[in-house]
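Novice: My structure file my_file_27.tsv, TSV, C-alpha atoms, is below:
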chain	number	residue	atom	x	y	z
A	78	MET	CA	0.00	0.00	0.00
A	79	LYS	CA	1.14	3.53	-0.78
A	80	ARG	CA	0.17	6.31	1.63
A	81	ILE	CA	-0.40	9.83	0.35
A	82	GLU	CA	-1.67	13.04	1.89
A	83	PHE	CA	-4.62	14.76	0.27
A	84	LEU	CA	-6.10	18.03	1.57
A	85	GLY	CA	-4.35	17.39	4.88
A	86	THR	CA	-5.71	13.86	5.18
A	87	PRO	CA	-3.48	10.77	4.96
A	88	MET	CA	-4.95	7.95	2.88
A	89	ASP	CA	-3.82	4.67	1.42
A	90	ILE	CA	-3.81	3.96	-2.31
A	91	ALA	CA	-4.88	0.35	-2.70
A	92	THR	CA	-7.28	-1.86	-4.60
A	93	MET	CA	-10.01	-3.87	-2.89
A	94	GLU	CA	-7.99	-7.06	-3.33
A	95	GLU	CA	-4.85	-5.52	-1.82
A	96	THR	CA	-6.83	-4.14	1.11
A	97	VAL	CA	-8.51	-7.45	1.98
A	98	SER	CA	-5.22	-9.34	1.66
A	99	HIS	CA	-3.43	-6.87	3.94
A	100	ILE	CA	-6.16	-7.07	6.58
A	101	GLU	CA	-6.33	-10.88	6.41
A	102	ASN	CA	-2.58	-11.20	6.93
A	103	ARG	CA	-2.56	-8.81	9.88
A	104	ILE	CA	-5.43	-10.67	11.59
A	105	ALA	CA	-3.78	-14.04	10.96
A	106	ASP	CA	-0.60	-12.70	12.59
A	107	GLY	CA	-2.56	-11.39	15.58
A	108	GLU	CA	-1.60	-7.78	14.87
A	109	PHE	CA	-4.20	-5.14	15.74
A	110	LEU	CA	-5.40	-3.04	12.82
A	111	GLN	CA	-7.74	-0.05	12.93
A	112	HIS	CA	-9.44	0.80	9.65
A	113	VAL	CA	-11.38	3.80	8.38
A	114	VAL	CA	-12.72	5.05	5.07
A	115	VAL	CA	-12.81	8.69	4.00
A	116	ASN	CA	-15.25	10.50	1.75
A	117	VAL	CA	-15.89	14.13	0.88
A	118	ALA	CA	-17.95	14.86	3.99
A	119	LYS	CA	-15.37	13.34	6.34
A	120	ILE	CA	-12.49	15.28	4.77
A	121	VAL	CA	-14.45	18.53	5.08
A	122	ASN	CA	-15.47	17.81	8.68
A	123	MET	CA	-11.87	16.97	9.61
A	124	GLN	CA	-10.88	20.55	8.73
A	125	LYS	CA	-12.91	21.90	11.67
A	126	ASP	CA	-13.02	18.90	14.03
A	127	PRO	CA	-9.55	18.17	15.46
A	128	VAL	CA	-10.79	15.20	17.49
A	129	LEU	CA	-12.18	13.54	14.35
A	130	ALA	CA	-8.99	14.38	12.46
A	131	GLU	CA	-6.87	12.80	15.19
A	132	SER	CA	-9.07	9.67	15.25
A	133	VAL	CA	-8.81	9.21	11.48
A	134	LYS	CA	-5.07	9.84	11.35
A	135	ALA	CA	-4.53	7.25	14.10
A	136	CYS	CA	-5.85	4.47	11.86
A	137	ASP	CA	-3.56	1.86	10.32
A	138	VAL	CA	-5.45	1.70	7.01
A	139	ILE	CA	-7.31	4.69	5.54
A	140	ASN	CA	-9.18	3.74	2.38
A	141	ILE	CA	-10.83	6.09	-0.11
A	142	ASP	CA	-14.57	5.43	-0.03
A	143	GLY	CA	-16.18	8.16	-2.13
A	144	MET	CA	-15.68	8.74	-5.85
A	145	GLY	CA	-15.55	12.46	-5.12
A	146	VAL	CA	-12.29	11.88	-3.26
A	147	VAL	CA	-10.99	9.64	-6.09
A	148	PHE	CA	-11.74	12.35	-8.68
A	149	GLY	CA	-10.34	15.08	-6.43
A	150	ALA	CA	-7.09	13.21	-5.75
A	151	ARG	CA	-6.64	12.53	-9.45
A	152	PHE	CA	-7.32	16.22	-10.16
A	153	LEU	CA	-4.37	17.12	-7.94
A	154	GLY	CA	-2.11	14.56	-9.62
A	155	HIS	CA	-2.38	11.44	-7.46
A	156	ASP	CA	-2.62	8.04	-9.16
A	157	VAL	CA	-5.68	6.43	-7.55
A	158	PRO	CA	-6.71	3.13	-9.23
A	159	GLU	CA	-10.14	2.72	-7.61
A	160	ARG	CA	-12.16	3.42	-4.53
A	161	VAL	CA	-12.66	0.89	-1.74
A	162	ALA	CA	-16.25	1.49	-0.67
A	163	GLY	CA	-16.96	0.66	2.96
A	164	VAL	CA	-20.09	-1.40	2.26
A	165	ASP	CA	-18.28	-3.46	-0.40
A	166	LEU	CA	-15.26	-4.00	1.85
A	167	PHE	CA	-17.62	-5.09	4.64
A	168	HIS	CA	-18.95	-7.92	2.45
A	169	GLU	CA	-15.49	-8.92	1.25
A	170	LEU	CA	-14.24	-9.13	4.84
A	171	LEU	CA	-17.25	-11.21	5.90
A	172	LYS	CA	-16.57	-13.59	3.03
A	173	MET	CA	-12.93	-13.83	4.08
A	174	SER	CA	-13.89	-14.30	7.75
A	175	ALA	CA	-16.23	-17.16	6.87
A	176	LYS	CA	-13.41	-18.94	5.03
A	177	ARG	CA	-10.84	-18.32	7.77
A	178	ASP	CA	-13.22	-18.94	10.69
A	179	PHE	CA	-12.64	-15.46	12.12
A	180	PRO	CA	-15.53	-14.54	14.50
A	181	VAL	CA	-17.09	-11.10	13.93
A	182	PHE	CA	-19.07	-8.66	16.09
A	183	LEU	CA	-21.64	-6.20	14.72
A	184	LEU	CA	-22.12	-2.94	16.62
A	185	GLY	CA	-24.47	-0.11	15.74
A	186	ALA	CA	-27.79	1.00	14.21
A	187	THR	CA	-31.10	0.22	15.92
A	188	ASP	CA	-31.79	-3.09	17.62
A	189	ASP	CA	-34.09	-4.19	14.76
A	190	VAL	CA	-31.55	-3.26	12.08
A	191	VAL	CA	-28.52	-4.92	13.70
A	192	THR	CA	-30.56	-8.06	14.46
A	193	THR	CA	-31.73	-8.25	10.84
A	194	THR	CA	-28.20	-7.60	9.62
A	195	SER	CA	-26.87	-10.46	11.72
A	196	THR	CA	-29.49	-12.83	10.30
A	197	LYS	CA	-28.87	-11.72	6.72
A	198	VAL	CA	-25.09	-11.97	6.76
A	199	LYS	CA	-25.29	-15.46	8.28
A	200	SER	CA	-27.59	-16.47	5.43
A	201	LEU	CA	-25.25	-14.91	2.85
A	202	TYR	CA	-22.12	-16.52	4.32
A	203	SER	CA	-23.19	-19.83	5.82
A	204	ASP	CA	-19.88	-20.51	7.59
A	205	LEU	CA	-19.70	-17.04	9.16
A	206	ASN	CA	-19.43	-16.95	12.95
A	207	VAL	CA	-21.26	-13.89	14.27
A	208	ALA	CA	-19.93	-13.88	17.83
A	209	GLY	CA	-22.33	-11.16	18.91
A	210	PHE	CA	-24.09	-7.91	18.10
A	211	ASN	CA	-25.39	-4.81	19.85
A	212	ASP	CA	-27.29	-1.70	18.83
A	213	GLY	CA	-25.61	1.70	18.68
A	214	TYR	CA	-27.50	3.35	21.55
A	215	PHE	CA	-25.28	2.54	24.50
A	216	TRP	CA	-23.65	5.87	25.36
A	217	ASP	CA	-24.77	5.81	28.99
A	218	ASP	CA	-22.57	2.73	29.58
A	219	GLU	CA	-19.89	2.38	26.90
A	220	GLU	CA	-17.70	0.16	29.05
A	221	ALA	CA	-20.39	-2.52	29.36
A	222	VAL	CA	-20.56	-2.81	25.58
A	223	VAL	CA	-16.76	-2.84	25.32
A	224	ASN	CA	-16.72	-5.74	27.79
A	225	LYS	CA	-19.40	-7.56	25.79
A	226	ILE	CA	-17.30	-7.24	22.62
A	227	ARG	CA	-14.14	-8.44	24.35
A	228	GLU	CA	-15.87	-11.41	25.99
A	229	SER	CA	-17.45	-12.50	22.67
A	230	GLY	CA	-14.07	-13.66	21.34
A	231	ALA	CA	-14.56	-11.77	18.07
A	232	LYS	CA	-11.55	-11.04	15.88
A	233	LEU	CA	-13.28	-8.43	13.69
A	234	LEU	CA	-15.52	-5.60	14.91
A	235	PHE	CA	-17.72	-3.58	12.55
A	236	VAL	CA	-19.08	-0.31	13.95
A	237	ALA	CA	-22.16	1.12	12.20
A	238	ILE	CA	-22.44	4.46	13.99
A	239	THR	CA	-22.47	7.93	12.47
A	240	SER	CA	-19.30	9.99	12.12
A	241	PRO	CA	-17.54	11.31	14.20
A	242	LYS	CA	-18.96	9.17	17.03
A	243	LYS	CA	-17.73	5.89	15.59
A	244	GLU	CA	-14.18	7.12	14.92
A	245	ASN	CA	-13.90	8.62	18.38
A	246	PHE	CA	-15.38	5.54	20.08
A	247	ILE	CA	-12.93	3.24	18.28
A	248	ASN	CA	-9.97	5.49	19.04
A	249	LYS	CA	-10.97	5.74	22.71
A	250	TRP	CA	-11.53	2.04	23.39
A	251	GLN	CA	-9.30	0.22	20.87
A	252	ASP	CA	-6.93	-1.15	23.53
A	253	LYS	CA	-9.78	-2.75	25.50
A	254	LEU	CA	-11.92	-4.22	22.70
A	255	GLY	CA	-9.97	-7.47	22.49
A	256	VAL	CA	-10.31	-7.69	18.69
A	257	ASP	CA	-7.62	-7.79	16.01
A	258	PHE	CA	-9.47	-5.59	13.53
A	259	VAL	CA	-11.99	-2.77	13.88
A	260	MET	CA	-13.71	-0.85	11.11
A	261	GLY	CA	-16.31	1.89	11.07
A	262	VAL	CA	-18.99	1.07	8.48
A	263	GLY	CA	-21.41	4.01	8.82
A	264	GLY	CA	-24.83	3.20	7.39
A	265	THR	CA	-23.87	-0.23	6.04
A	266	PHE	CA	-26.19	-2.14	8.37
A	267	ASP	CA	-29.15	-0.09	7.11
A	268	VAL	CA	-28.27	-1.14	3.56
A	269	VAL	CA	-27.80	-4.83	4.45
A	270	ALA	CA	-31.04	-4.87	6.44
A	271	GLY	CA	-32.94	-3.36	3.49
A	272	LYS	CA	-33.85	-0.14	5.27
A	273	VAL	CA	-31.87	2.03	2.81
A	274	ASN	CA	-31.20	1.41	-0.88
A	275	ARG	CA	-27.79	2.00	-2.47
A	276	ALA	CA	-27.56	4.21	-5.51
A	277	PRO	CA	-27.54	2.47	-8.91
A	278	LYS	CA	-24.10	1.35	-10.04
A	279	TRP	CA	-23.83	4.08	-12.68
A	280	MET	CA	-24.44	6.75	-10.04
A	281	GLN	CA	-21.83	5.17	-7.75
A	282	ASN	CA	-19.25	5.17	-10.56
A	283	ALA	CA	-20.08	8.76	-11.50
A	284	GLY	CA	-19.68	9.99	-7.93
A	285	LEU	CA	-23.38	10.81	-7.61
A	286	GLU	CA	-24.31	8.74	-4.56
A	287	TRP	CA	-24.77	12.01	-2.66
A	288	LEU	CA	-27.46	13.04	-5.20
A	289	TYR	CA	-29.26	9.74	-4.72
A	290	ARG	CA	-29.30	10.36	-0.96
A	291	VAL	CA	-30.72	13.86	-1.53
A	292	ILE	CA	-33.46	12.43	-3.78
A	293	GLN	CA	-34.33	9.87	-1.10
A	294	GLU	CA	-34.27	12.33	1.82
A	295	PRO	CA	-34.35	15.88	0.36
A	296	ARG	CA	-35.30	17.78	3.52
A	297	ARG	CA	-32.61	16.17	5.64
A	298	MET	CA	-29.79	15.92	3.11
A	299	TRP	CA	-29.84	18.87	0.71
A	300	LYS	CA	-28.20	21.39	3.02
A	301	ARG	CA	-25.58	18.92	4.27
A	302	TYR	CA	-24.39	18.06	0.78
A	303	LEU	CA	-24.61	21.65	-0.47
A	304	VAL	CA	-22.26	22.76	2.30
A	305	THR	CA	-19.81	19.82	2.21
A	306	ASN	CA	-19.59	19.60	-1.60
A	307	SER	CA	-19.10	23.36	-1.96
A	308	THR	CA	-16.43	23.40	0.73
A	309	PHE	CA	-14.65	20.42	-0.84
A	310	ALA	CA	-14.65	22.10	-4.26
A	311	TRP	CA	-13.14	25.26	-2.70
A	312	LEU	CA	-10.43	23.25	-0.94
A	313	LEU	CA	-9.57	21.54	-4.24
A	314	PHE	CA	-9.46	24.86	-6.09
A	315	LYS	CA	-7.13	26.42	-3.51
A	316	ALA	CA	-4.82	23.42	-3.57
A	317	LYS	CA	-4.73	23.43	-7.37
A	318	ILE	CA	-3.89	27.12	-7.77
A	319	ASN	CA	-1.22	26.79	-5.10
A	320	GLY	CA	0.28	23.86	-6.97
A	321	LYS	CA	-0.16	21.47	-4.03
A	322	LYS	CA	-1.04	17.75	-4.06
A	323	THR	CA	-1.81	17.71	-0.36
Please express what this file holds, its structure, as structure tokens.
Specialist:
Amino acid sequence: MKRIEFLGTPMDIATMEETVSHIENRIADGEFLQHVVVNVAKIVNMQKDPVLAESVKACDVINIDGMGVVFGARFLGHDVPERVAGVDLFHELLKMSAKRDFPVFLLGATDDVVTTTSTKVKSLYSDLNVAGFNDGYFWDDEEAVVNKIRESGAKLLFVAITSPKKENFINKWQDKLGVDFVMGVGGTFDVVAGKVNRAPKWMQNAGLEWLYRVIQEPRRMWKRYLVTNSTFAWLLFKAKINGKKT
């Protein structure tokens, strides 16, 4: 993997295959690995949230999730072969875990969603060992959930909580989770459970997933994407005119 810095954010240039192989080898060797994906919104929010920025930069693998970041990095001269979308990586890692008999723990979303997600992934990957799961509404007693994860014997932990809560939770508790791999997966459980639909493939490839979200939830999403996309474009423009790749 090659690490670059883009708009002040470190990120790893890797294909999906390279990413999965790297993670599998680290888990097999018993080496802890913290993973995160970055998209346009996260890069913009990191500019004004030092705690989030610190949590992201502390990760061992930082994959590019959004096509907006892929296009932006290429615009500034970086050679980025593809994006590694969090939801796709989630499925690839479950497939790998089923083959290697690595137990997994699912954390986040509502109780109904995480329960449905657990059932669905076990039906998709028949040999998968889901060591446990818990909803994402546990902030009055974080340590109890941390203990539950550690006692489950899971090797991989997937955290489906909104940013920056998930990054900060992982960074805070990583030494006590007892897992070899932890990854924030955002709204992935909602997609797996069928609560939210992914954008069509052509919109994903064109970097228009944000538009699909706005169409689905216009009142909640239009302002968020207007602000983050405009800010991202301005950051790119400033970097370009200053002749910077970072």
Novice: From the options A:Val181, A:Asp137, A:Val146, A:Lys197, which residue's atoms come nearest to Leu285 (chain A), counting all atoms listed in the file?
Specialist: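 Of all the options, A:Val146 lies closest to Leu285 (chain A).
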Novice: So which residues touch Lys317 (chain A) within 9 Å, counting only C-alpha atoms, skipping near sequence neighbours fewer than 5 positions away, as a PDB file with C-alpha atoms, in the frame of the given file?
Specialist:
ATOM      1  CA  PHE A 152      -7.320  16.220 -10.160  1.00  0.00           C
ATOM      2  CA  LEU A 153      -4.370  17.120  -7.940  1.00  0.00           C
ATOM      3  CA  LEU A 312     -10.430  23.250  -0.940  1.00  0.00           C
ATOM      4  CA  LYS A 322      -1.040  17.750  -4.060  1.00  0.00           C
TER       5      LYS A 322
END
Novice: Grab the CA of Lys125 (chain A) to CA of Leu288 (chain A) distance for me, in Å with one decimal place.
Specialist: 24.0 Å
Novice: Could I get the residues of region 222-306 of chain A with an atom no further than 7 Å from an atom of region 104-124 of chain A, each paired with its nearest atom pair and that distance in Å to one decimal, using all atoms listed in the file, sorted by chain and residue number, as JSON lines?
Specialist:
{"residue": "A:Asp257", "atom": "CA", "partner": "A:Phe109", "partner_atom": "CA", "distance": 4.3}
{"residue": "A:Phe258", "atom": "CA", "partner": "A:Leu110", "partner_atom": "CA", "distance": 4.9}
{"residue": "A:Val259", "atom": "CA", "partner": "A:Gln111", "partner_atom": "CA", "distance": 5.1}
{"residue": "A:Met260", "atom": "CA", "partner": "A:His112", "partner_atom": "CA", "distance": 4.8}
{"residue": "A:Gly261", "atom": "CA", "partner": "A:Val113", "partner_atom": "CA", "distance": 5.9}
{"residue": "A:Thr305", "atom": "CA", "partner": "A:Ala118", "partner_atom": "CA", "distance": 5.6}
Novice: Which residue gives the smallest distance to Ala270 (chain A) among A:Ala231, A:Phe210, A:Thr193, A:Lys253, with all atoms listed in the file counted?
Specialist: A:Thr193
Novice: Identify which of the residues A:Tyr289, A:Phe309, A:Phe314, A:Phe179 lies closest to Gly230 (chain A), counting only C-alpha atoms when measuring atom-to-atom distances.
Specialist: A:Phe179
